[in-house]
Amino acid sequence: FLGAGGGNDIQWCFSQVKGAVDDDVAEADIISTVEFNHSGELLATGDKGGRVVIFQQEQENKTQSHSRGEYNVYSTFQSHEPEFDYLKSLEIEEKINKIRWLPQKNAAQFLLSTNDKTIKLWKISERDKRPEGYNLKEEDGRYRDPTTVTTLRVPVFRPMDLMVEASPRRIFANAHTYHINSISINSDYETYLSADDLRINLWHLEITDRSFNIVDIKPANMEELTEVITAAEFHPNSCNTFVYSSSKGTIRLCDMRASALCDRHSKLFEEPEDPSNRSFFSEIISSISDVKFSHSGRYMMTRDYLSVKIWDLNMENRPVETYQVHEYLRSKLCSLYENDCIFDKFECCWNGSDRQERLFPTELLLSSFHPLCSIVMTGSYNNFFRMFDRNTKRDITLEASRENNKPRTVLKPRKVCASGKRKKDEISVDSLDFNKKILHTAWHPKENIIAVATTNNLYIFQDKMN
Amino acid sequence: MFVRGLKRKCFDGEEDIEGTLAGIKAIPSYNLQRQSLLDMSLVKLQLCHMLVEPNLCRSVLIANTVRQIQEEMTQDGTWQMINTQSTGQASLDRLVSTDILCRSSREQAEGKHVPGYSTFNKDFEGDQAQDSSETMSTASSVQASRNLQSNVWEMENPQENKGNFQKSLDQIFETLENKSPNSVEDLFSEVDNSYYDLDTMLTGMMSNTKMGHCDGLETFSSPTTTTSNSNCKSDLNELDHIVEILVES
């Protein structure tokens, strides 16, 4: 057990980069979500143009033992189209806000993708055979004259080039007045939740014309609105439990068994404000942009503008760990407010679990010292991303850039110089490019492979295998 | 973030802020910076209307910031004085460096404050044509010790002055609820021309980053003729009512 989570530091190497090389970014190509499926074989991205691109990891090449399989395009489809809400005279963006994979039950793969208003269930299936030898049809599809049919034959399947088809199986629409920010599939694999700024709805995957409202924080008078929902997620093991975070930095845990409308939380997680750090921007930077349960469900992680916090579900009054992502920005909050960067929503993720998640009693005890979820990752500006090791308390800053694109070359750690004399290889805060933001990152569920999205490129990094 | 022509100064806790007049000119007071932040926030909220899809989370956070500033200004007693100038007609000179605001309250306590507005004051009072009744209504709201919520949202100003930010906030949230072409045009009419200058200045300053939200302003031509606030508000209320019925059904 003691080796779990500890051990050597991971050495990250560049593996691949996907997307256009141009500096001029087409708006539609901006990546808006990244998600591995449950096996890690598939990696899906959604973009601002409403498209979903799925990459598949090729089978490991026995001769090339140095690297794991590469990811190549498997399927591309248009998930959402722009729409117009005539009632409000507003355009509904086709941007894909979130993708969540369903666990695989048969040969086909299923995922949920959502824009601001509508969630869709997509089936992705392979076709590598086709029937030939029909009696009534020619090979090209034309119907034969029945009078020319003199013998009967049985059609047979013959191999064909692999075709991957994506088809929408369910469309869950018209249930959200405000913008959907999260979807989360329940551990029962039958239901899922969708959350917008003010409400959370519960759906059954088979039923599209009905959803249950389980959280509603809309005030009777909209003028009294001071807080919105920013993210929501189901507990990984308890199908009755979910959490949602708010723009005021709170997380509420709700139990659906308690009542039909979960407006009263079971637990409220909130860290008291540090009065010495108070400024006009305190509330804005406390707004939580992402919440993720650990694999065991014992912990959850939240991301606010400057930090990542780990919470123990048994302790509501403060997080158990706090990691500063880019504290040097604290003195720049004014300019970041001015250029709107302070409203950027960064996501965060846990490392994949490299073992089965059955926690025996002794494991449970030890997991609090050597948590299976031992590394957290999140993005920053200047195409930097950060990782924090919960065991060693060490952290690292890496850069997603085409300049480091030699496979198997270990990435060089980066450092930002907050003030004072800038050392060689350090970057000063004022030269950070705030247009280059890494909002979306994902970690392979089983291996040390990570996907990091810059504005319009997807980088894949792996650990150095010896 | 920096006023044209002003020398940028690096802030650290030990710097002597109290100094010569020239020094004061270069380092604006906390009050001015706070005012500047207020103006900036109001511009952002107004810009929300011009966006096709206002981001509710962002709007709420900005509105809360505005409310915080107003609350502090009310407690200071500076609210009465500051609001003699219409917050809607922000002139370029009022956008000052807001470095001080980035410092935590602990740092500010350690540093020294320059009270008052020094030489910037004359720029404010000179070129604004204000009704005295505006000052009076503001004074009465300050004296009325109601909670902050009602101060921000319910204060009635008998004068239909442009840029009254309470009304703006009011309209903003109603509009966010139910956007309609009428209300958008009416709100456009509230926008003063000086906002376009603001936009140029902001985009000019932050050359590193793109002001995506300001792009809307560039395509926007001069505002339509002014309509009175009261018409706008009753129209909104009616539409509000109708749309609510339609949407809920």
# chains A, B, ... in the order shown; residues from 1 in each chain; ligands from 1
call {"tool": "interface_residues", "arguments": {"of": "chain A", "to": "chain B", "cutoff": "7 Å", "atoms": "only C-alpha atoms", "output": "PDB file with N, CA and C atoms, in the first residue's frame"}}
result
ATOM      1  N   LYS A  88     -36.757  35.372 -26.963  1.00  0.00           N
ATOM      2  CA  LYS A  88     -35.885  36.323 -26.297  1.00  0.00           C
ATOM      3  C   LYS A  88     -35.007  37.100 -27.275  1.00  0.00           C
ATOM      4  N   SER A  89     -35.153  36.792 -28.545  1.00  0.00           N
ATOM      5  CA  SER A  89     -34.261  37.385 -29.556  1.00  0.00           C
ATOM      6  C   SER A  89     -32.804  37.181 -29.206  1.00  0.00           C
ATOM      7  N   LEU A  90     -32.473  35.958 -28.893  1.00  0.00           N
ATOM      8  CA  LEU A  90     -31.099  35.645 -28.530  1.00  0.00           C
ATOM      9  C   LEU A  90     -30.626  34.449 -29.331  1.00  0.00           C
ATOM     10  N   GLU A  91     -29.364  34.500 -29.678  1.00  0.00           N
ATOM     11  CA  GLU A  91     -28.779  33.351 -30.345  1.00  0.00           C
ATOM     12  C   GLU A  91     -28.338  32.348 -29.288  1.00  0.00           C
ATOM     13  N   MET A 222     -35.833  38.572  -9.480  1.00  0.00           N
ATOM     14  CA  MET A 222     -34.497  38.432 -10.066  1.00  0.00           C
ATOM     15  C   MET A 222     -33.538  39.530  -9.623  1.00  0.00           C
ATOM     16  N   GLU A 223     -34.092  40.625  -9.170  1.00  0.00           N
ATOM     17  CA  GLU A 223     -33.223  41.710  -8.721  1.00  0.00           C
ATOM     18  C   GLU A 223     -32.474  41.343  -7.450  1.00  0.00           C
ATOM     19  N   THR A 226     -27.925  37.118  -6.208  1.00  0.00           N
ATOM     20  CA  THR A 226     -26.538  37.440  -5.883  1.00  0.00           C
ATOM     21  C   THR A 226     -25.611  36.239  -6.025  1.00  0.00           C
ATOM     22  N   GLU A 227     -26.188  35.076  -6.302  1.00  0.00           N
ATOM     23  CA  GLU A 227     -25.362  33.862  -6.334  1.00  0.00           C
ATOM     24  C   GLU A 227     -25.874  32.931  -7.423  1.00  0.00           C
ATOM     25  N   VAL A 228     -24.952  32.303  -8.166  1.00  0.00           N
ATOM     26  CA  VAL A 228     -25.367  31.345  -9.195  1.00  0.00           C
ATOM     27  C   VAL A 228     -24.636  30.023  -8.998  1.00  0.00           C
ATOM     28  N   SER A 276      -7.531  39.476   6.208  1.00  0.00           N
ATOM     29  CA  SER A 276      -6.384  40.290   5.805  1.00  0.00           C
ATOM     30  C   SER A 276      -6.195  40.293   4.297  1.00  0.00           C
ATOM     31  N   ASN A 277      -6.856  39.372   3.617  1.00  0.00           N
ATOM     32  CA  ASN A 277      -6.707  39.297   2.168  1.00  0.00           C
ATOM     33  C   ASN A 277      -7.882  39.885   1.427  1.00  0.00           C
ATOM     34  N   ARG A 278      -8.744  40.554   2.185  1.00  0.00           N
ATOM     35  CA  ARG A 278      -9.984  41.021   1.579  1.00  0.00           C
ATOM     36  C   ARG A 278      -9.771  42.188   0.614  1.00  0.00           C
ATOM     37  N   SER A 279     -10.431  42.129  -0.513  1.00  0.00           N
ATOM     38  CA  SER A 279     -10.412  43.247  -1.455  1.00  0.00           C
ATOM     39  C   SER A 279     -11.737  43.216  -2.206  1.00  0.00           C
ATOM     40  N   PHE A 280     -11.918  44.155  -3.090  1.00  0.00           N
ATOM     41  CA  PHE A 280     -13.154  44.185  -3.867  1.00  0.00           C
ATOM     42  C   PHE A 280     -13.291  42.959  -4.767  1.00  0.00           C
ATOM     43  N   ILE A 284     -15.159  37.555  -6.354  1.00  0.00           N
ATOM     44  CA  ILE A 284     -14.991  37.048  -7.712  1.00  0.00           C
ATOM     45  C   ILE A 284     -13.965  35.924  -7.756  1.00  0.00           C
ATOM     46  N   SER A 331      -1.787  40.387  -7.170  1.00  0.00           N
ATOM     47  CA  SER A 331      -1.590  41.837  -7.233  1.00  0.00           C
ATOM     48  C   SER A 331      -2.007  42.407  -8.589  1.00  0.00           C
ATOM     49  N   LYS A 332      -2.436  41.561  -9.470  1.00  0.00           N
ATOM     50  CA  LYS A 332      -2.832  42.013 -10.814  1.00  0.00           C
ATOM     51  C   LYS A 332      -4.330  41.903 -11.038  1.00  0.00           C
ATOM     52  N   LEU A 333      -5.059  41.690  -9.966  1.00  0.00           N
ATOM     53  CA  LEU A 333      -6.479  41.408 -10.133  1.00  0.00           C
ATOM     54  C   LEU A 333      -7.230  42.536 -10.829  1.00  0.00           C
ATOM     55  N   CYS A 334      -6.768  43.759 -10.657  1.00  0.00           N
ATOM     56  CA  CYS A 334      -7.438  44.879 -11.315  1.00  0.00           C
ATOM     57  C   CYS A 334      -7.386  44.762 -12.826  1.00  0.00           C
ATOM     58  N   SER A 335      -6.204  44.529 -13.359  1.00  0.00           N
ATOM     59  CA  SER A 335      -6.117  44.412 -14.823  1.00  0.00           C
ATOM     60  C   SER A 335      -6.826  43.169 -15.304  1.00  0.00           C
ATOM     61  N   ASN A 339      -9.733  43.206 -18.167  1.00  0.00           N
ATOM     62  CA  ASN A 339      -9.742  42.468 -19.431  1.00  0.00           C
ATOM     63  C   ASN A 339     -10.554  41.183 -19.351  1.00  0.00           C
ATOM     64  N   PHE A 343     -12.702  36.275 -14.944  1.00  0.00           N
ATOM     65  CA  PHE A 343     -13.882  35.427 -15.065  1.00  0.00           C
ATOM     66  C   PHE A 343     -13.595  34.115 -15.790  1.00  0.00           C
ATOM     67  N   ASP A 433       1.324  35.742 -21.359  1.00  0.00           N
ATOM     68  CA  ASP A 433       0.304  35.991 -22.371  1.00  0.00           C
ATOM     69  C   ASP A 433      -1.030  35.493 -21.822  1.00  0.00           C
ATOM     70  N   PHE A 434      -1.922  36.438 -21.525  1.00  0.00           N
ATOM     71  CA  PHE A 434      -3.197  36.064 -20.938  1.00  0.00           C
ATOM     72  C   PHE A 434      -4.205  35.582 -21.970  1.00  0.00           C
ATOM     73  N   ASN A 435      -3.839  35.651 -23.224  1.00  0.00           N
ATOM     74  CA  ASN A 435      -4.687  35.073 -24.257  1.00  0.00           C
ATOM     75  C   ASN A 435      -4.464  33.576 -24.368  1.00  0.00           C
TER      76      ASN A 435
END
call {"tool": "residues_around", "arguments": {"residues": "Lys117 of chain A", "least_positions_apart": "5", "cutoff": "8 Å", "atoms": "only C-alpha atoms", "output": "list in words"}}
result
Ile92, Ala173, Asn174, Ala175, His176, Thr177, Tyr178, His179 and Ile180 of chain A
call {"tool": "closest_residue", "arguments": {"among": "A:Ile427, A:Ile185, A:Val17, A:Val52", "to": "Lys415 of chain A", "atoms": "only C-alpha atoms"}}
result
A:Ile427
call {"tool": "closest_residue", "arguments": {"among": "A:Asn314, A:Asn181, A:Thr455, A:Thr150", "to": "Ser289 of chain A", "atoms": "only C-alpha atoms"}}
result
A:Asn181
call {"tool": "residues_around", "arguments": {"residues": "Arg386 of chain A", "least_positions_apart": "2", "cutoff": "9 Å", "atoms": "only C-alpha atoms", "output": "ChimeraX atom specification"}}
result
/A:325,376-380,384,388,395-399
call {"tool": "closest_residue", "arguments": {"among": "A:Pro236, A:Gly40, A:Pro219, A:Gly133", "to": "Ala451 of chain A", "atoms": "only C-alpha atoms"}}
result
A:Gly40
call {"tool": "atom_distance", "arguments": {"atom1": "atom CA of Ser184 of chain A", "atom2": "atom CA of Ile30 of chain A"}}
result
22.8 Å
call {"tool": "residues_around", "arguments": {"residues": "Phe172 of chain A", "least_positions_apart": "2", "cutoff": "12 Å", "atoms": "only C-alpha atoms", "output": "ChimeraX atom specification"}}
result
/A:112-122,168-170,174-176,183,192-194,201-211
call {"tool": "write_last_selection", "arguments": {"atoms": "N, CA and C atoms", "output": "JSON list (two decimals), in the first residue's frame"}}
result
[["chain", "number", "residue", "atom", "x", "y", "z"],
["A", 112, "LEU", "N", -22.62, 11.83, -23.71],
["A", 112, "LEU", "CA", -23.53, 12.96, -23.61],
["A", 112, "LEU", "C", -22.75, 14.22, -23.95],
["A", 113, "SER", "N", -23.30, 15.04, -24.82],
["A", 113, "SER", "CA", -22.66, 16.32, -25.09],
["A", 113, "SER", "C", -23.73, 17.40, -24.91],
["A", 114, "THR", "N", -23.30, 18.56, -24.41],
["A", 114, "THR", "CA", -24.27, 19.61, -24.17],
["A", 114, "THR", "C", -23.75, 20.98, -24.60],
["A", 115, "ASN", "N", -24.67, 21.80, -25.09],
["A", 115, "ASN", "CA", -24.35, 23.22, -25.28],
["A", 115, "ASN", "C", -25.07, 23.98, -24.17],
["A", 116, "ASP", "N", -25.40, 25.25, -24.39],
["A", 116, "ASP", "CA", -26.04, 26.02, -23.32],
["A", 116, "ASP", "C", -27.43, 25.54, -22.95],
["A", 117, "LYS", "N", -28.11, 24.90, -23.90],
["A", 117, "LYS", "CA", -29.53, 24.62, -23.68],
["A", 117, "LYS", "C", -29.94, 23.17, -23.85],
["A", 118, "THR", "N", -29.22, 22.42, -24.68],
["A", 118, "THR", "CA", -29.70, 21.09, -25.07],
["A", 118, "THR", "C", -28.62, 20.05, -24.87],
["A", 119, "ILE", "N", -29.05, 18.91, -24.30],
["A", 119, "ILE", "CA", -28.12, 17.79, -24.10],
["A", 119, "ILE", "C", -28.47, 16.70, -25.11],
["A", 120, "LYS", "N", -27.45, 16.09, -25.66],
["A", 120, "LYS", "CA", -27.70, 15.02, -26.63],
["A", 120, "LYS", "C", -26.92, 13.77, -26.26],
["A", 121, "LEU", "N", -27.57, 12.64, -26.45],
["A", 121, "LEU", "CA", -26.91, 11.35, -26.26],
["A", 121, "LEU", "C", -26.51, 10.84, -27.63],
["A", 122, "TRP", "N", -25.23, 10.63, -27.81],
["A", 122, "TRP", "CA", -24.70, 10.18, -29.09],
["A", 122, "TRP", "C", -24.23, 8.74, -29.00],
["A", 168, "PRO", "N", -27.35, 10.63, -33.18],
["A", 168, "PRO", "CA", -27.97, 11.11, -31.95],
["A", 168, "PRO", "C", -29.13, 10.20, -31.57],
["A", 169, "ARG", "N", -29.05, 9.64, -30.36],
["A", 169, "ARG", "CA", -30.09, 8.70, -29.95],
["A", 169, "ARG", "C", -31.15, 9.36, -29.08],
["A", 170, "ARG", "N", -30.76, 10.38, -28.33],
["A", 170, "ARG", "CA", -31.72, 11.09, -27.49],
["A", 170, "ARG", "C", -31.37, 12.56, -27.53],
["A", 174, "ASN", "N", -35.26, 21.81, -23.95],
["A", 174, "ASN", "CA", -36.31, 22.65, -23.36],
["A", 174, "ASN", "C", -36.47, 22.53, -21.86],
["A", 175, "ALA", "N", -35.39, 22.20, -21.18],
["A", 175, "ALA", "CA", -35.52, 22.09, -19.73],
["A", 175, "ALA", "C", -34.71, 23.15, -18.99],
["A", 176, "HIS", "N", -33.97, 23.95, -19.74],
["A", 176, "HIS", "CA", -33.10, 24.93, -19.09],
["A", 176, "HIS", "C", -33.32, 26.33, -19.62],
["A", 183, "ILE", "N", -22.84, 18.58, -16.74],
["A", 183, "ILE", "CA", -23.65, 17.36, -16.79],
["A", 183, "ILE", "C", -22.87, 16.30, -16.03],
["A", 192, "TYR", "N", -28.94, 11.01, -15.01],
["A", 192, "TYR", "CA", -27.85, 11.99, -15.00],
["A", 192, "TYR", "C", -28.42, 13.35, -14.63],
["A", 193, "LEU", "N", -27.56, 14.26, -14.20],
["A", 193, "LEU", "CA", -28.04, 15.60, -13.87],
["A", 193, "LEU", "C", -27.47, 16.62, -14.85],
["A", 194, "SER", "N", -28.20, 17.68, -15.05],
["A", 194, "SER", "CA", -27.70, 18.81, -15.83],
["A", 194, "SER", "C", -27.92, 20.06, -14.99],
["A", 201, "ASN", "N", -31.38, 19.82, -12.96],
["A", 201, "ASN", "CA", -32.42, 18.87, -13.35],
["A", 201, "ASN", "C", -31.89, 17.45, -13.38],
["A", 202, "LEU", "N", -32.77, 16.53, -13.06],
["A", 202, "LEU", "CA", -32.41, 15.11, -13.08],
["A", 202, "LEU", "C", -33.14, 14.45, -14.24],
["A", 203, "TRP", "N", -32.40, 13.71, -15.04],
["A", 203, "TRP", "CA", -32.97, 13.05, -16.21],
["A", 203, "TRP", "C", -32.79, 11.54, -16.11],
["A", 204, "HIS", "N", -33.67, 10.84, -16.82],
["A", 204, "HIS", "CA", -33.43, 9.43, -17.07],
["A", 204, "HIS", "C", -32.91, 9.34, -18.50],
["A", 205, "LEU", "N", -31.91, 8.52, -18.71],
["A", 205, "LEU", "CA", -31.28, 8.47, -20.03],
["A", 205, "LEU", "C", -32.23, 8.03, -21.13],
["A", 206, "GLU", "N", -33.28, 7.31, -20.74],
["A", 206, "GLU", "CA", -34.22, 6.82, -21.76],
["A", 206, "GLU", "C", -35.35, 7.80, -22.04],
["A", 207, "ILE", "N", -35.53, 8.77, -21.15],
["A", 207, "ILE", "CA", -36.72, 9.62, -21.25],
["A", 207, "ILE", "C", -36.34, 11.06, -21.55],
["A", 208, "THR", "N", -36.85, 11.56, -22.66],
["A", 208, "THR", "CA", -36.43, 12.89, -23.08],
["A", 208, "THR", "C", -37.48, 13.97, -22.86],
["A", 209, "ASP", "N", -38.72, 13.56, -22.62],
["A", 209, "ASP", "CA", -39.76, 14.60, -22.53],
["A", 209, "ASP", "C", -40.04, 15.01, -21.09],
["A", 210, "ARG", "N", -39.24, 14.52, -20.17],
["A", 210, "ARG", "CA", -39.49, 14.87, -18.78],
["A", 210, "ARG", "C", -38.18, 14.95, -18.03],
["A", 211, "SER", "N", -38.05, 15.92, -17.15],
["A", 211, "SER", "CA", -36.92, 15.91, -16.23],
["A", 211, "SER", "C", -37.41, 16.45, -14.91]]
call {"tool": "select_by_dssp", "arguments": {"residues": "segment 96-320 of chain A", "states": "strand (DSSP E)", "output": "PyMOL selection string"}}
result
chain A and resi 98-101+109-114+119-132+156-172+180-185+191-196+199-204+207-216+229-234+241-246+251-255+267-269+290-293+299-303+307-312
call {"tool": "atom_distance", "arguments": {"atom1": "atom CA of Pro445 of chain A", "atom2": "atom CA of Lys292 of chain A"}}
result
13.9 Å
call {"tool": "residues_around", "arguments": {"residues": "Val21 of chain A", "least_positions_apart": "3", "cutoff": "12 Å", "atoms": "only C-alpha atoms", "output": "PyMOL selection string"}}
result
chain A and resi 17-18+24-26+29+401-403+454-458
call {"tool": "atom_distance", "arguments": {"atom1": "atom CA of Gln56 of chain A", "atom2": "atom CA of Ser39 of chain A"}}
result
10.9 Å
call {"tool": "select_by_dssp", "arguments": {"residues": "segment 92-292 of chain A", "states": "alpha helix (DSSP H)", "output": "list in words"}}
result
Ser282, Glu283, Ile284, Ile285 and Ser286 of chain A
call {"tool": "write_last_selection", "arguments": {"atoms": "N, CA and C atoms", "output": "PDB file, in the first residue's frame"}}
result
ATOM      1  N   SER A 282     -12.414  39.874  -3.843  1.00  0.00           N
ATOM      2  CA  SER A 282     -12.427  38.641  -3.060  1.00  0.00           C
ATOM      3  C   SER A 282     -13.514  37.691  -3.484  1.00  0.00           C
ATOM      4  N   GLU A 283     -14.709  38.236  -3.689  1.00  0.00           N
ATOM      5  CA  GLU A 283     -15.805  37.345  -4.042  1.00  0.00           C
ATOM      6  C   GLU A 283     -15.594  36.728  -5.411  1.00  0.00           C
ATOM      7  N   ILE A 284     -15.159  37.555  -6.354  1.00  0.00           N
ATOM      8  CA  ILE A 284     -14.991  37.048  -7.712  1.00  0.00           C
ATOM      9  C   ILE A 284     -13.965  35.924  -7.756  1.00  0.00           C
ATOM     10  N   ILE A 285     -12.859  36.093  -7.040  1.00  0.00           N
ATOM     11  CA  ILE A 285     -11.835  35.048  -7.119  1.00  0.00           C
ATOM     12  C   ILE A 285     -12.193  33.834  -6.275  1.00  0.00           C
ATOM     13  N   SER A 286     -13.208  33.976  -5.426  1.00  0.00           N
ATOM     14  CA  SER A 286     -13.615  32.810  -4.647  1.00  0.00           C
ATOM     15  C   SER A 286     -14.612  31.950  -5.425  1.00  0.00           C
TER      16      SER A 286
END
call {"tool": "decode", "arguments": {"residues": "segment 58-70 of chain B", "atoms": "N, CA, C and O atoms", "output": "short mmCIF file (atom, residue, chain, number, x, y, z; two decimals), in the first residue's frame"}}
result
data_model
loop_
_atom_site.label_atom_id
_atom_site.label_comp_id
_atom_site.auth_asym_id
_atom_site.auth_seq_id
_atom_site.Cartn_x
_atom_site.Cartn_y
_atom_site.Cartn_z
N ARG B 58 -21.05 36.06 -14.67
CA ARG B 58 -20.22 37.27 -14.76
C ARG B 58 -21.01 38.50 -14.33
O ARG B 58 -20.54 39.34 -13.56
N SER B 59 -22.24 38.62 -14.83
CA SER B 59 -23.07 39.79 -14.49
C SER B 59 -23.33 39.85 -13.00
O SER B 59 -23.27 40.93 -12.40
N VAL B 60 -23.62 38.72 -12.42
CA VAL B 60 -23.91 38.69 -10.98
C VAL B 60 -22.67 39.10 -10.19
O VAL B 60 -22.76 39.89 -9.24
N LEU B 61 -21.52 38.60 -10.58
CA LEU B 61 -20.29 38.93 -9.86
C LEU B 61 -19.97 40.42 -9.99
O LEU B 61 -19.55 41.06 -9.02
N ILE B 62 -20.16 40.97 -11.17
CA ILE B 62 -19.89 42.40 -11.35
C ILE B 62 -20.88 43.23 -10.54
O ILE B 62 -20.51 44.20 -9.86
N ALA B 63 -22.14 42.84 -10.59
CA ALA B 63 -23.17 43.58 -9.83
C ALA B 63 -22.86 43.52 -8.33
O ALA B 63 -23.04 44.52 -7.61
N ASN B 64 -22.41 42.39 -7.85
CA ASN B 64 -22.05 42.29 -6.44
C ASN B 64 -20.89 43.20 -6.11
O ASN B 64 -20.82 43.78 -5.03
N THR B 65 -19.95 43.33 -7.03
CA THR B 65 -18.81 44.21 -6.82
C THR B 65 -19.28 45.65 -6.72
O THR B 65 -18.83 46.41 -5.85
N VAL B 66 -20.18 46.03 -7.62
CA VAL B 66 -20.74 47.38 -7.60
C VAL B 66 -21.41 47.65 -6.26
O VAL B 66 -21.23 48.70 -5.64
N ARG B 67 -22.14 46.66 -5.80
CA ARG B 67 -22.86 46.81 -4.55
C ARG B 67 -21.90 46.98 -3.38
O ARG B 67 -22.10 47.78 -2.48
N GLN B 68 -20.82 46.22 -3.41
CA GLN B 68 -19.80 46.32 -2.36
C GLN B 68 -19.21 47.71 -2.31
O GLN B 68 -19.03 48.29 -1.24
N ILE B 69 -18.92 48.24 -3.49
CA ILE B 69 -18.32 49.57 -3.56
C ILE B 69 -19.30 50.59 -3.01
O ILE B 69 -18.94 51.47 -2.22
N GLN B 70 -20.53 50.46 -3.43
CA GLN B 70 -21.53 51.42 -2.98
C GLN B 70 -21.72 51.35 -1.48
O GLN B 70 -21.85 52.36 -0.81
#
